[in-house]
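Asker: Got a structure for you, written out below as structure tokens; questions coming shortly.
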Amino acid sequence: MSWYLVIGLIIGLVLAGTVLTILWYTRPRPRCPECGSPQIGQVSKEPLGMRDVRFPPAVLGGEGYTMVQISYRITYRCNECRARWSKTVTETS
Ligand SMILES: [Zn+2]
């Protein structure tokens with residue numbers, strides 16, 4: 001193996017590592033809406049309700065299928081400024 005191949009490999013690895021690190025640090029994270037801190041915790045997750053979502057039968061026949069959508073209200077708390085807030089999410093199973 002020639003030396004410039006080794007150096008090229010090392011540079012490639014360093015570049016890939018740098019890109020991954022930048023992606024890791026800039027990935028979207030939930031933050032406190034009051035102070036912007038990422039030091040938040042989930043307090044509770046309460047189900048609000050569920051509903052059936054029925055998909056129409058396929059053109060070539062078949063029963064179609066039903067999925068259950070469950071809505072939750074998730075409450076978060078900020079560990080920095082102790083603000084509380086909640087948001088509603090919908091999960092499909
Ligand atoms: Zn906060």
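By order in the structure tokens, chains are A, B, ...; within a chain, residues start at 1; ligands start at 1, following the order shown.
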Using only C-alpha atoms and all ligand atoms, tabulate the residues of chain A lying at most 7 Å from any atom of ligand 1, each with its closest atom pair and that distance in Å to one decimal, by chain and increasing residue number, as a tab-separated table.
Answerer:
residue	atom	partner	partner_atom_place_in_ligand_line	distance
A:Cys32	CA	ligand 1	1 (Zn)	4.7
A:Pro33	CA	ligand 1	1 (Zn)	6.7
A:Glu34	CA	ligand 1	1 (Zn)	4.9
A:Cys35	CA	ligand 1	1 (Zn)	4.1
A:Gly36	CA	ligand 1	1 (Zn)	6.0
A:Ser37	CA	ligand 1	1 (Zn)	5.4
A:Cys78	CA	ligand 1	1 (Zn)	4.7
A:Asn79	CA	ligand 1	1 (Zn)	6.6
A:Glu80	CA	ligand 1	1 (Zn)	5.0
A:Cys81	CA	ligand 1	1 (Zn)	4.1
A:Arg82	CA	ligand 1	1 (Zn)	6.0
A:Ala83	CA	ligand 1	1 (Zn)	5.5
Asker: Please produce an output containing N, CA and C atoms for each residue in the selection, written as an mmCIF file, in the first residue's frame.
Answerer:
data_model
loop_
_atom_site.group_PDB
_atom_site.id
_atom_site.type_symbol
_atom_site.label_atom_id
_atom_site.label_comp_id
_atom_site.auth_asym_id
_atom_site.auth_seq_id
_atom_site.Cartn_x
_atom_site.Cartn_y
_atom_site.Cartn_z
ATOM 1 N N CYS A 32 -36.473 23.720 25.579
ATOM 2 C CA CYS A 32 -37.383 24.516 26.390
ATOM 3 C C CYS A 32 -37.830 25.744 25.593
ATOM 4 N N PRO A 33 -39.140 25.983 25.485
ATOM 5 C CA PRO A 33 -39.601 27.167 24.742
ATOM 6 C C PRO A 33 -39.328 28.460 25.495
ATOM 7 N N GLU A 34 -39.020 28.368 26.787
ATOM 8 C CA GLU A 34 -38.788 29.569 27.579
ATOM 9 C C GLU A 34 -37.339 30.030 27.496
ATOM 10 N N CYS A 35 -36.411 29.097 27.755
ATOM 11 C CA CYS A 35 -35.004 29.495 27.820
ATOM 12 C C CYS A 35 -34.146 28.802 26.769
ATOM 13 N N GLY A 36 -34.720 27.886 25.995
ATOM 14 C CA GLY A 36 -33.974 27.242 24.928
ATOM 15 C C GLY A 36 -33.044 26.141 25.381
ATOM 16 N N SER A 37 -33.147 25.740 26.641
ATOM 17 C CA SER A 37 -32.241 24.713 27.139
ATOM 18 C C SER A 37 -32.648 23.331 26.656
ATOM 19 N N CYS A 78 -38.675 21.763 32.079
ATOM 20 C CA CYS A 78 -37.304 22.218 31.879
ATOM 21 C C CYS A 78 -36.545 22.112 33.189
ATOM 22 N N ASN A 79 -35.351 21.523 33.129
ATOM 23 C CA ASN A 79 -34.540 21.394 34.329
ATOM 24 C C ASN A 79 -33.793 22.683 34.662
ATOM 25 N N GLU A 80 -33.755 23.618 33.714
ATOM 26 C CA GLU A 80 -33.028 24.869 33.948
ATOM 27 C C GLU A 80 -33.931 25.910 34.608
ATOM 28 N N CYS A 81 -35.075 26.196 33.965
ATOM 29 C CA CYS A 81 -35.929 27.282 34.458
ATOM 30 C C CYS A 81 -37.249 26.756 35.021
ATOM 31 N N ARG A 82 -37.406 25.433 35.018
ATOM 32 C CA ARG A 82 -38.584 24.778 35.596
ATOM 33 C C ARG A 82 -39.883 25.137 34.904
ATOM 34 N N ALA A 83 -39.807 25.566 33.664
ATOM 35 C CA ALA A 83 -41.029 25.807 32.904
ATOM 36 C C ALA A 83 -41.675 24.470 32.561
#
Asker: So which residues of chain A fall under alpha helix (DSSP H) by DSSP, listed as a PDB file with C-alpha atoms, in the first residue's frame?
Answerer:
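Contents of part.pdb, as written:
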ATOM      1  CA  TRP A   3       1.732   6.200   1.473  1.00  0.00           C
ATOM      2  CA  TYR A   4      -0.550   8.641  -0.322  1.00  0.00           C
ATOM      3  CA  LEU A   5      -3.332   6.059  -0.270  1.00  0.00           C
ATOM      4  CA  VAL A   6      -2.958   5.783   3.509  1.00  0.00           C
ATOM      5  CA  ILE A   7      -3.004   9.581   3.897  1.00  0.00           C
ATOM      6  CA  GLY A   8      -6.048   9.843   1.636  1.00  0.00           C
ATOM      7  CA  LEU A   9      -7.795   7.215   3.731  1.00  0.00           C
ATOM      8  CA  ILE A  10      -6.987   9.069   6.953  1.00  0.00           C
ATOM      9  CA  ILE A  11      -8.207  12.398   5.520  1.00  0.00           C
ATOM     10  CA  GLY A  12     -11.395  10.709   4.342  1.00  0.00           C
ATOM     11  CA  LEU A  13     -12.013   9.230   7.785  1.00  0.00           C
ATOM     12  CA  VAL A  14     -11.400  12.580   9.480  1.00  0.00           C
ATOM     13  CA  LEU A  15     -13.762  14.347   7.074  1.00  0.00           C
ATOM     14  CA  ALA A  16     -16.450  11.718   7.582  1.00  0.00           C
ATOM     15  CA  GLY A  17     -16.026  11.995  11.336  1.00  0.00           C
ATOM     16  CA  THR A  18     -16.303  15.780  11.189  1.00  0.00           C
ATOM     17  CA  VAL A  19     -19.487  15.622   9.110  1.00  0.00           C
ATOM     18  CA  LEU A  20     -21.023  13.056  11.478  1.00  0.00           C
ATOM     19  CA  THR A  21     -20.096  15.179  14.494  1.00  0.00           C
ATOM     20  CA  ILE A  22     -21.683  18.290  12.948  1.00  0.00           C
ATOM     21  CA  LEU A  23     -24.835  16.320  12.081  1.00  0.00           C
ATOM     22  CA  TRP A  24     -24.937  14.947  15.634  1.00  0.00           C
ATOM     23  CA  TYR A  25     -24.718  18.380  17.240  1.00  0.00           C
ATOM     24  CA  THR A  26     -27.170  20.082  14.886  1.00  0.00           C
TER      25      THR A  26
END
Asker: Determine the nearest neighbour of Val53 of chain A from the options A:Tyr65, A:Ser71, A:Arg31, A:Lys87, counting only C-alpha atoms.
Answerer: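 So, comparing all the options, the nearest one is A:Tyr65.
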Asker: State, in Å with one decimal place, the distance from atom CA of Asp52 of chain A to atom CA of Met67 of chain A.
Answerer: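 Straight-line distance from atom CA of Asp52 of chain A to atom CA of Met67 of chain A works out to 5.7 Å.
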Asker: What's the 10 Å shell around Thr90 of chain A, counting only C-alpha atoms, without same-chain residues fewer than 6 positions away, as a ChimeraX atom specification?
Answerer: /A:47-50,69-73
Asker: Could you tell me which of A:Glu63, A:Pro56, A:Tyr76, A:Arg51 comes closest to Pro38 of chain A if we count only C-alpha atoms?
Answerer: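 The closest residue to Pro38 of chain A is A:Tyr76.
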Asker: Could you give me, as a PyMOL selection string, each residue of chain A that DSSP assigns to strand (DSSP E) when run on this structure's backbone?
Answerer: chain A and resi 40-55+65-78+84-92
Asker: For the selection just defined, write its residues with N, CA and C atoms to a file, as a compact mmCIF listing (two decimals), in the first residue's frame.
Answerer:
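Output file result_0.txt follows:
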# COMPACT_ATOMS: atom_id res chain seq x y z
N ILE A 40 -34.24 19.02 29.28
CA ILE A 40 -35.65 18.90 29.61
C ILE A 40 -35.98 17.45 29.90
N GLY A 41 -37.05 17.25 30.62
CA GLY A 41 -37.48 15.90 30.94
C GLY A 41 -38.96 15.74 30.67
N GLN A 42 -39.35 14.49 30.41
CA GLN A 42 -40.77 14.20 30.17
C GLN A 42 -41.42 13.90 31.51
N VAL A 43 -42.49 14.64 31.81
CA VAL A 43 -43.17 14.48 33.10
C VAL A 43 -44.24 13.41 33.01
N SER A 44 -45.09 13.53 31.99
CA SER A 44 -46.18 12.58 31.89
C SER A 44 -46.59 12.41 30.44
N LYS A 45 -47.28 11.31 30.21
CA LYS A 45 -47.80 11.02 28.87
C LYS A 45 -49.18 10.42 29.07
N GLU A 46 -50.21 11.23 28.82
CA GLU A 46 -51.56 10.75 29.08
C GLU A 46 -52.32 10.59 27.78
N PRO A 47 -52.96 9.44 27.62
CA PRO A 47 -53.74 9.24 26.39
C PRO A 47 -54.98 10.12 26.38
N LEU A 48 -55.25 10.76 25.26
CA LEU A 48 -56.42 11.63 25.13
C LEU A 48 -57.59 10.88 24.50
N GLY A 49 -57.27 9.95 23.64
CA GLY A 49 -58.34 9.22 22.99
C GLY A 49 -57.79 8.47 21.81
N MET A 50 -58.60 7.60 21.26
CA MET A 50 -58.16 6.87 20.08
C MET A 50 -59.29 6.82 19.07
N ARG A 51 -58.89 6.67 17.83
CA ARG A 51 -59.91 6.52 16.79
C ARG A 51 -59.39 5.57 15.73
N ASP A 52 -60.32 4.93 15.09
CA ASP A 52 -59.98 4.00 14.02
C ASP A 52 -59.88 4.75 12.71
N VAL A 53 -58.87 4.45 11.97
CA VAL A 53 -58.74 5.01 10.63
C VAL A 53 -58.86 3.85 9.66
N ARG A 54 -59.90 3.90 8.86
CA ARG A 54 -60.16 2.77 7.97
C ARG A 54 -59.71 3.13 6.56
N PHE A 55 -58.90 2.28 6.03
CA PHE A 55 -58.44 2.49 4.67
C PHE A 55 -59.36 1.75 3.71
N TYR A 65 -57.88 -2.23 5.50
CA TYR A 65 -57.38 -2.46 6.84
C TYR A 65 -57.64 -1.26 7.73
N THR A 66 -57.62 -1.51 8.98
CA THR A 66 -57.94 -0.49 9.96
C THR A 66 -56.71 -0.24 10.83
N MET A 67 -56.42 1.03 11.03
CA MET A 67 -55.32 1.38 11.93
C MET A 67 -55.89 2.18 13.09
N VAL A 68 -55.25 2.06 14.21
CA VAL A 68 -55.70 2.76 15.40
C VAL A 68 -54.77 3.94 15.64
N GLN A 69 -55.36 5.12 15.72
CA GLN A 69 -54.59 6.31 16.02
C GLN A 69 -54.85 6.69 17.47
N ILE A 70 -53.80 6.83 18.23
CA ILE A 70 -53.94 7.22 19.63
C ILE A 70 -53.29 8.58 19.82
N SER A 71 -54.04 9.49 20.45
CA SER A 71 -53.51 10.82 20.74
C SER A 71 -53.02 10.85 22.19
N TYR A 72 -51.86 11.46 22.39
CA TYR A 72 -51.32 11.62 23.73
C TYR A 72 -51.04 13.09 23.99
N ARG A 73 -51.17 13.47 25.24
CA ARG A 73 -50.64 14.76 25.63
C ARG A 73 -49.39 14.51 26.47
N ILE A 74 -48.27 14.96 25.96
CA ILE A 74 -47.01 14.77 26.65
C ILE A 74 -46.63 16.07 27.35
N THR A 75 -46.34 15.98 28.63
CA THR A 75 -45.94 17.15 29.39
C THR A 75 -44.44 17.09 29.64
N TYR A 76 -43.76 18.19 29.35
CA TYR A 76 -42.32 18.29 29.56
C TYR A 76 -42.04 19.31 30.66
N ARG A 77 -40.88 19.17 31.25
CA ARG A 77 -40.44 20.15 32.23
C ARG A 77 -38.99 20.48 31.96
N CYS A 78 -38.67 21.76 32.08
CA CYS A 78 -37.30 22.22 31.88
C CYS A 78 -36.55 22.11 33.19
N ARG A 84 -42.97 24.48 32.41
CA ARG A 84 -43.70 23.29 32.00
C ARG A 84 -44.49 23.61 30.75
N TRP A 85 -44.55 22.66 29.87
CA TRP A 85 -45.38 22.82 28.69
C TRP A 85 -45.77 21.44 28.21
N SER A 86 -46.78 21.40 27.36
CA SER A 86 -47.22 20.12 26.87
C SER A 86 -47.52 20.21 25.39
N LYS A 87 -47.43 19.09 24.75
CA LYS A 87 -47.80 19.04 23.35
C LYS A 87 -48.54 17.74 23.07
N THR A 88 -49.33 17.77 22.02
CA THR A 88 -50.14 16.63 21.67
C THR A 88 -49.51 15.91 20.48
N VAL A 89 -49.36 14.62 20.62
CA VAL A 89 -48.81 13.83 19.51
C VAL A 89 -49.81 12.75 19.17
N THR A 90 -49.74 12.30 17.95
CA THR A 90 -50.60 11.23 17.49
C THR A 90 -49.74 10.07 17.02
N GLU A 91 -50.02 8.92 17.59
CA GLU A 91 -49.26 7.74 17.18
C GLU A 91 -50.21 6.79 16.47
N THR A 92 -49.71 6.24 15.40
CA THR A 92 -50.49 5.28 14.64
C THR A 92 -49.88 3.90 14.83
